[in-house]
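S.K.: Enclosed is the structure file work_14.pdb (PDB, C-alpha atoms, pLDDT in the B column).
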MODEL        1
ATOM      1  CA  MET A   1      -0.289   1.067 -32.677  1.00 52.00           C
ATOM      2  CA  PHE A   2       0.491  -1.607 -35.242  1.00 61.00           C
ATOM      3  CA  HIS A   3       1.797  -4.975 -34.051  1.00 68.00           C
ATOM      4  CA  ASN A   4       3.280  -7.426 -36.457  1.00 86.00           C
ATOM      5  CA  ASP A   5       2.576 -11.138 -36.192  1.00 87.00           C
ATOM      6  CA  TRP A   6       5.801 -11.817 -34.293  1.00 87.00           C
ATOM      7  CA  SER A   7       4.926  -9.248 -31.600  1.00 88.00           C
ATOM      8  CA  LEU A   8       1.424 -10.639 -31.231  1.00 88.00           C
ATOM      9  CA  LEU A   9       2.813 -14.162 -30.948  1.00 91.00           C
ATOM     10  CA  GLN A  10       5.267 -13.059 -28.249  1.00 91.00           C
ATOM     11  CA  LEU A  11       2.479 -11.338 -26.320  1.00 91.00           C
ATOM     12  CA  ALA A  12       0.340 -14.475 -26.536  1.00 94.00           C
ATOM     13  CA  LYS A  13       3.229 -16.649 -25.305  1.00 96.00           C
ATOM     14  CA  GLU A  14       3.891 -14.319 -22.380  1.00 96.00           C
ATOM     15  CA  ARG A  15       0.205 -14.352 -21.450  1.00 96.00           C
ATOM     16  CA  GLU A  16       0.232 -18.150 -21.564  1.00 97.00           C
ATOM     17  CA  ARG A  17       3.296 -18.223 -19.269  1.00 97.00           C
ATOM     18  CA  ASP A  18       1.539 -15.833 -16.878  1.00 96.00           C
ATOM     19  CA  LEU A  19      -1.504 -18.097 -16.760  1.00 97.00           C
ATOM     20  CA  MET A  20       0.673 -21.163 -16.147  1.00 97.00           C
ATOM     21  CA  ARG A  21       2.445 -19.410 -13.257  1.00 96.00           C
ATOM     22  CA  GLU A  22      -0.902 -18.351 -11.805  1.00 97.00           C
ATOM     23  CA  ARG A  23      -2.279 -21.899 -12.016  1.00 97.00           C
ATOM     24  CA  GLU A  24       0.863 -23.300 -10.373  1.00 96.00           C
ATOM     25  CA  HIS A  25       0.622 -20.717  -7.603  1.00 95.00           C
ATOM     26  CA  ASP A  26      -3.035 -21.600  -7.006  1.00 95.00           C
ATOM     27  CA  ARG A  27      -2.163 -25.310  -6.938  1.00 94.00           C
ATOM     28  CA  LEU A  28       0.562 -24.731  -4.345  1.00 90.00           C
ATOM     29  CA  VAL A  29      -1.768 -22.633  -2.195  1.00 88.00           C
ATOM     30  CA  ARG A  30      -4.418 -25.372  -2.288  1.00 91.00           C
ATOM     31  CA  GLN A  31      -1.783 -27.971  -1.444  1.00 89.00           C
ATOM     32  CA  ALA A  32      -0.554 -25.896   1.526  1.00 83.00           C
ATOM     33  CA  GLU A  33      -4.125 -25.481   2.773  1.00 85.00           C
ATOM     34  CA  LEU A  34      -4.532 -29.264   2.842  1.00 88.00           C
ATOM     35  CA  MET A  35      -1.515 -29.728   5.119  1.00 86.00           C
ATOM     36  CA  ASN A  36      -2.220 -30.405   8.741  1.00 89.00           C
ATOM     37  CA  PRO A  37      -1.162 -27.699  11.229  1.00 88.00           C
ATOM     38  CA  ARG A  38       1.948 -29.600  12.320  1.00 90.00           C
ATOM     39  CA  GLN A  39       3.170 -29.920   8.712  1.00 88.00           C
ATOM     40  CA  ARG A  40       2.496 -26.204   8.106  1.00 86.00           C
ATOM     41  CA  HIS A  41       4.413 -25.313  11.256  1.00 91.00           C
ATOM     42  CA  THR A  42       7.406 -27.411  10.179  1.00 92.00           C
ATOM     43  CA  LEU A  43       7.272 -25.957   6.676  1.00 89.00           C
ATOM     44  CA  TYR A  44       7.194 -22.449   8.147  1.00 91.00           C
ATOM     45  CA  HIS A  45      10.393 -23.139  10.116  1.00 95.00           C
ATOM     46  CA  VAL A  46      12.142 -24.688   7.126  1.00 95.00           C
ATOM     47  CA  LEU A  47      11.263 -21.728   4.885  1.00 94.00           C
ATOM     48  CA  ASP A  48      12.289 -19.289   7.616  1.00 97.00           C
ATOM     49  CA  TRP A  49      15.688 -20.989   7.922  1.00 97.00           C
ATOM     50  CA  VAL A  50      16.207 -21.032   4.138  1.00 97.00           C
ATOM     51  CA  GLY A  51      15.299 -17.351   3.925  1.00 97.00           C
ATOM     52  CA  ARG A  52      17.751 -16.438   6.670  1.00 98.00           C
ATOM     53  CA  GLN A  53      20.508 -18.421   4.974  1.00 98.00           C
ATOM     54  CA  LEU A  54      19.887 -16.664   1.677  1.00 97.00           C
ATOM     55  CA  VAL A  55      20.095 -13.269   3.388  1.00 98.00           C
ATOM     56  CA  ARG A  56      23.382 -14.237   5.064  1.00 97.00           C
ATOM     57  CA  TRP A  57      24.871 -15.484   1.787  1.00 97.00           C
ATOM     58  CA  VAL A  58      23.813 -12.395  -0.141  1.00 97.00           C
ATOM     59  CA  ASN A  59      25.200 -10.105   2.554  1.00 96.00           C
ATOM     60  CA  ALA A  60      28.514 -11.980   2.508  1.00 96.00           C
ATOM     61  CA  TRP A  61      28.708 -11.823  -1.298  1.00 95.00           C
ATOM     62  CA  GLN A  62      27.905  -8.109  -1.301  1.00 95.00           C
ATOM     63  CA  ALA A  63      30.544  -7.411   1.342  1.00 93.00           C
ATOM     64  CA  ARG A  64      33.116  -9.420  -0.622  1.00 92.00           C
ATOM     65  CA  HIS A  65      32.202  -7.614  -3.849  1.00 92.00           C
ATOM     66  CA  ALA A  66      32.458  -4.215  -2.143  1.00 90.00           C
ATOM     67  CA  MET A  67      35.902  -5.109  -0.785  1.00 89.00           C
ATOM     68  CA  VAL A  68      37.162  -6.270  -4.175  1.00 86.00           C
ATOM     69  CA  HIS A  69      35.691  -3.182  -5.816  1.00 84.00           C
ATOM     70  CA  ARG A  70      37.380  -0.872  -3.290  1.00 85.00           C
ATOM     71  CA  GLN A  71      40.696  -2.661  -3.818  1.00 84.00           C
ATOM     72  CA  ALA A  72      40.375  -2.310  -7.566  1.00 81.00           C
ATOM     73  CA  LEU A  73      39.601   1.419  -7.268  1.00 79.00           C
ATOM     74  CA  THR A  74      42.485   1.938  -4.880  1.00 81.00           C
ATOM     75  CA  HIS A  75      44.818   0.054  -7.199  1.00 74.00           C
ATOM     76  CA  THR A  76      43.792   2.023 -10.308  1.00 70.00           C
ATOM     77  CA  THR A  77      43.890   5.416  -8.597  1.00 66.00           C
ATOM     78  CA  GLY A  78      47.166   4.703  -6.832  1.00 62.00           C
ATOM     79  CA  ASP A  79      45.931   5.598  -3.334  1.00 56.00           C
TER      80      ASP A  79
ENDMDL
END
Represent the structure of the file as C-alpha coordinates.
M.R.:
Amino acid sequence: MFHNDWSLLQLAKERERDLMREREHDRLVRQAELMNPRQRHTLYHVLDWVGRQLVRWVNAWQARHAMVHRQALTHTTGD
(Lines of atoms letter the chains of each structure in order from A and count residues from 1; the text may use other names and numbers.)
(Lines give C-alpha, C1' and ligand atoms only; values in the text may rest on other atoms or scores of the structure.)
Protein backbone atom coordinates (compact mmCIF):
# COMPACT_ATOMS: atom_id res chain seq x y z
CA MET A 1 0.00 0.00 0.00
CA PHE A 2 1.31 3.42 -0.96
CA HIS A 3 1.64 6.08 1.74
CA ASN A 4 2.23 9.67 0.84
CA ASP A 5 4.62 11.84 2.81
CA TRP A 6 1.83 13.35 4.92
CA SER A 7 0.62 9.90 6.04
CA LEU A 8 4.14 8.80 6.90
CA LEU A 9 4.69 11.99 8.87
CA GLN A 10 1.46 11.45 10.80
CA LEU A 11 2.44 7.86 11.58
CA ALA A 12 5.85 9.02 12.81
CA LYS A 13 4.26 11.69 15.03
CA GLU A 14 1.83 9.17 16.51
CA ARG A 15 4.69 6.76 17.22
CA GLU A 16 6.61 9.56 18.92
CA ARG A 17 3.55 10.37 21.08
CA ASP A 18 3.24 6.69 21.99
CA LEU A 19 6.87 6.57 23.06
CA MET A 20 6.47 9.74 25.13
CA ARG A 21 3.42 8.28 26.90
CA GLU A 22 5.32 5.05 27.56
CA ARG A 23 8.30 6.93 29.01
CA GLU A 24 6.01 9.01 31.23
CA HIS A 25 4.25 5.87 32.43
CA ASP A 26 7.58 4.22 33.24
CA ARG A 27 8.71 7.36 35.10
CA LEU A 28 5.54 7.39 37.20
CA VAL A 29 5.90 3.69 38.01
CA ARG A 30 9.51 4.23 39.13
CA GLN A 31 8.43 7.22 41.20
CA ALA A 32 5.65 5.18 42.87
CA GLU A 33 8.11 2.38 43.64
CA LEU A 34 10.34 4.85 45.49
CA MET A 35 7.53 5.93 47.82
CA ASN A 36 7.59 4.53 51.30
CA PRO A 37 4.75 2.14 52.24
CA ARG A 38 2.87 4.80 54.21
CA GLN A 39 2.88 7.20 51.24
CA ARG A 40 1.71 4.39 48.91
CA HIS A 41 -1.09 3.52 51.33
CA THR A 42 -2.25 7.14 51.49
CA LEU A 43 -2.04 7.46 47.71
CA TYR A 44 -4.10 4.28 47.33
CA HIS A 45 -6.87 5.75 49.51
CA VAL A 46 -6.83 9.07 47.68
CA LEU A 47 -7.06 7.38 44.27
CA ASP A 48 -9.79 5.06 45.55
CA TRP A 49 -11.83 8.05 46.75
CA VAL A 50 -11.33 9.94 43.46
CA GLY A 51 -12.38 6.86 41.49
CA ARG A 52 -15.53 6.44 43.56
CA GLN A 53 -16.42 10.10 43.11
CA LEU A 54 -16.00 9.85 39.35
CA VAL A 55 -18.29 6.81 39.25
CA ARG A 56 -20.93 8.65 41.30
CA TRP A 57 -20.76 11.73 39.07
CA VAL A 58 -20.98 9.71 35.87
CA ASN A 59 -23.93 7.72 37.20
CA ALA A 60 -25.72 10.94 38.17
CA TRP A 61 -25.05 12.50 34.75
CA GLN A 62 -26.26 9.38 32.96
CA ALA A 63 -29.43 9.25 35.04
CA ARG A 64 -30.08 12.94 34.36
CA HIS A 65 -29.46 12.47 30.64
CA ALA A 66 -31.80 9.45 30.53
CA MET A 67 -34.53 11.46 32.27
CA VAL A 68 -34.18 14.39 29.89
CA HIS A 69 -34.13 12.02 26.93
CA ARG A 70 -37.30 10.26 28.11
CA GLN A 71 -39.02 13.61 28.61
CA ALA A 72 -38.04 14.73 25.14
CA LEU A 73 -39.34 11.48 23.60
CA THR A 74 -42.57 11.73 25.56
CA HIS A 75 -43.00 15.34 24.50
CA THR A 76 -42.40 14.64 20.79
CA THR A 77 -44.60 11.54 20.69
CA GLY A 78 -47.38 13.15 22.70
CA ASP A 79 -47.64 10.37 25.30
S.K.: Between atom CA of A:Ala32 and atom CA of A:Leu47, what is the spacing in Å?
M.R.: 13.0 Å
S.K.: What separation in Å, quoted to one decimal, exists between atom CA of A:Glu33 and atom CA of A:His45?
M.R.: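 These atoms are spaced 16.4 Å apart.
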S.K.: Please enclose the listed atoms of stretch 39-46 of chain A in an axis-aligned box, pad each side by 6 Å, and write out the centre and the three edge lengths in Å, rounded to one decimal, as AutoDock Vina command-line options.
M.R.:
--center_x 7.3 --center_y -26.2 --center_z 9.0 --size_x 21.6 --size_y 19.5 --size_z 16.6
S.K.: Have stretch 17-39 of chain A completed to N, CA and C atoms, please, and pass it along as a tab-separated table (two decimals), keeping the file's coordinate frame.
M.R.:
chain	number	residue	atom	x	y	z
A	17	ARG	N	2.38	-17.98	-20.39
A	17	ARG	CA	3.30	-18.22	-19.27
A	17	ARG	C	2.74	-17.63	-17.97
A	18	ASP	N	2.15	-16.44	-18.06
A	18	ASP	CA	1.54	-15.83	-16.88
A	18	ASP	C	0.42	-16.72	-16.32
A	19	LEU	N	-0.41	-17.23	-17.20
A	19	LEU	CA	-1.50	-18.10	-16.76
A	19	LEU	C	-0.99	-19.38	-16.13
A	20	MET	N	0.08	-19.94	-16.70
A	20	MET	CA	0.67	-21.16	-16.15
A	20	MET	C	1.23	-20.89	-14.74
A	21	ARG	N	1.91	-19.76	-14.57
A	21	ARG	CA	2.44	-19.41	-13.26
A	21	ARG	C	1.31	-19.22	-12.25
A	22	GLU	N	0.24	-18.58	-12.68
A	22	GLU	CA	-0.90	-18.35	-11.80
A	22	GLU	C	-1.55	-19.67	-11.39
A	23	ARG	N	-1.70	-20.58	-12.34
A	23	ARG	CA	-2.28	-21.90	-12.02
A	23	ARG	C	-1.38	-22.66	-11.05
A	24	GLU	N	-0.07	-22.61	-11.27
A	24	GLU	CA	0.86	-23.30	-10.37
A	24	GLU	C	0.80	-22.69	-8.97
A	25	HIS	N	0.74	-21.39	-8.90
A	25	HIS	CA	0.62	-20.72	-7.60
A	25	HIS	C	-0.65	-21.17	-6.89
A	26	ASP	N	-1.76	-21.17	-7.60
A	26	ASP	CA	-3.04	-21.60	-7.01
A	26	ASP	C	-2.96	-23.05	-6.53
A	27	ARG	N	-2.31	-23.90	-7.31
A	27	ARG	CA	-2.16	-25.31	-6.94
A	27	ARG	C	-1.35	-25.44	-5.64
A	28	LEU	N	-0.27	-24.67	-5.55
A	28	LEU	CA	0.56	-24.73	-4.34
A	28	LEU	C	-0.18	-24.20	-3.12
A	29	VAL	N	-0.97	-23.16	-3.31
A	29	VAL	CA	-1.77	-22.63	-2.19
A	29	VAL	C	-2.76	-23.68	-1.72
A	30	ARG	N	-3.46	-24.32	-2.66
A	30	ARG	CA	-4.42	-25.37	-2.29
A	30	ARG	C	-3.71	-26.52	-1.56
A	31	GLN	N	-2.53	-26.89	-2.06
A	31	GLN	CA	-1.78	-27.97	-1.44
A	31	GLN	C	-1.38	-27.59	-0.02
A	32	ALA	N	-0.94	-26.35	0.19
A	32	ALA	CA	-0.55	-25.90	1.53
A	32	ALA	C	-1.76	-25.87	2.46
A	33	GLU	N	-2.92	-25.52	1.94
A	33	GLU	CA	-4.12	-25.48	2.77
A	33	GLU	C	-4.54	-26.87	3.24
A	34	LEU	N	-4.17	-27.89	2.48
A	34	LEU	CA	-4.53	-29.26	2.84
A	34	LEU	C	-3.60	-29.86	3.89
A	35	MET	N	-2.47	-29.22	4.13
A	35	MET	CA	-1.52	-29.73	5.12
A	35	MET	C	-2.12	-29.60	6.51
A	36	ASN	N	-1.76	-30.53	7.36
A	36	ASN	CA	-2.22	-30.40	8.74
A	36	ASN	C	-1.38	-29.32	9.44
A	37	PRO	N	-1.87	-28.81	10.56
A	37	PRO	CA	-1.16	-27.70	11.23
A	37	PRO	C	0.29	-28.02	11.59
A	38	ARG	N	0.57	-29.24	11.96
A	38	ARG	CA	1.95	-29.60	12.32
A	38	ARG	C	2.86	-29.52	11.09
A	39	GLN	N	2.38	-30.01	9.94
A	39	GLN	CA	3.17	-29.92	8.71
A	39	GLN	C	3.40	-28.45	8.33
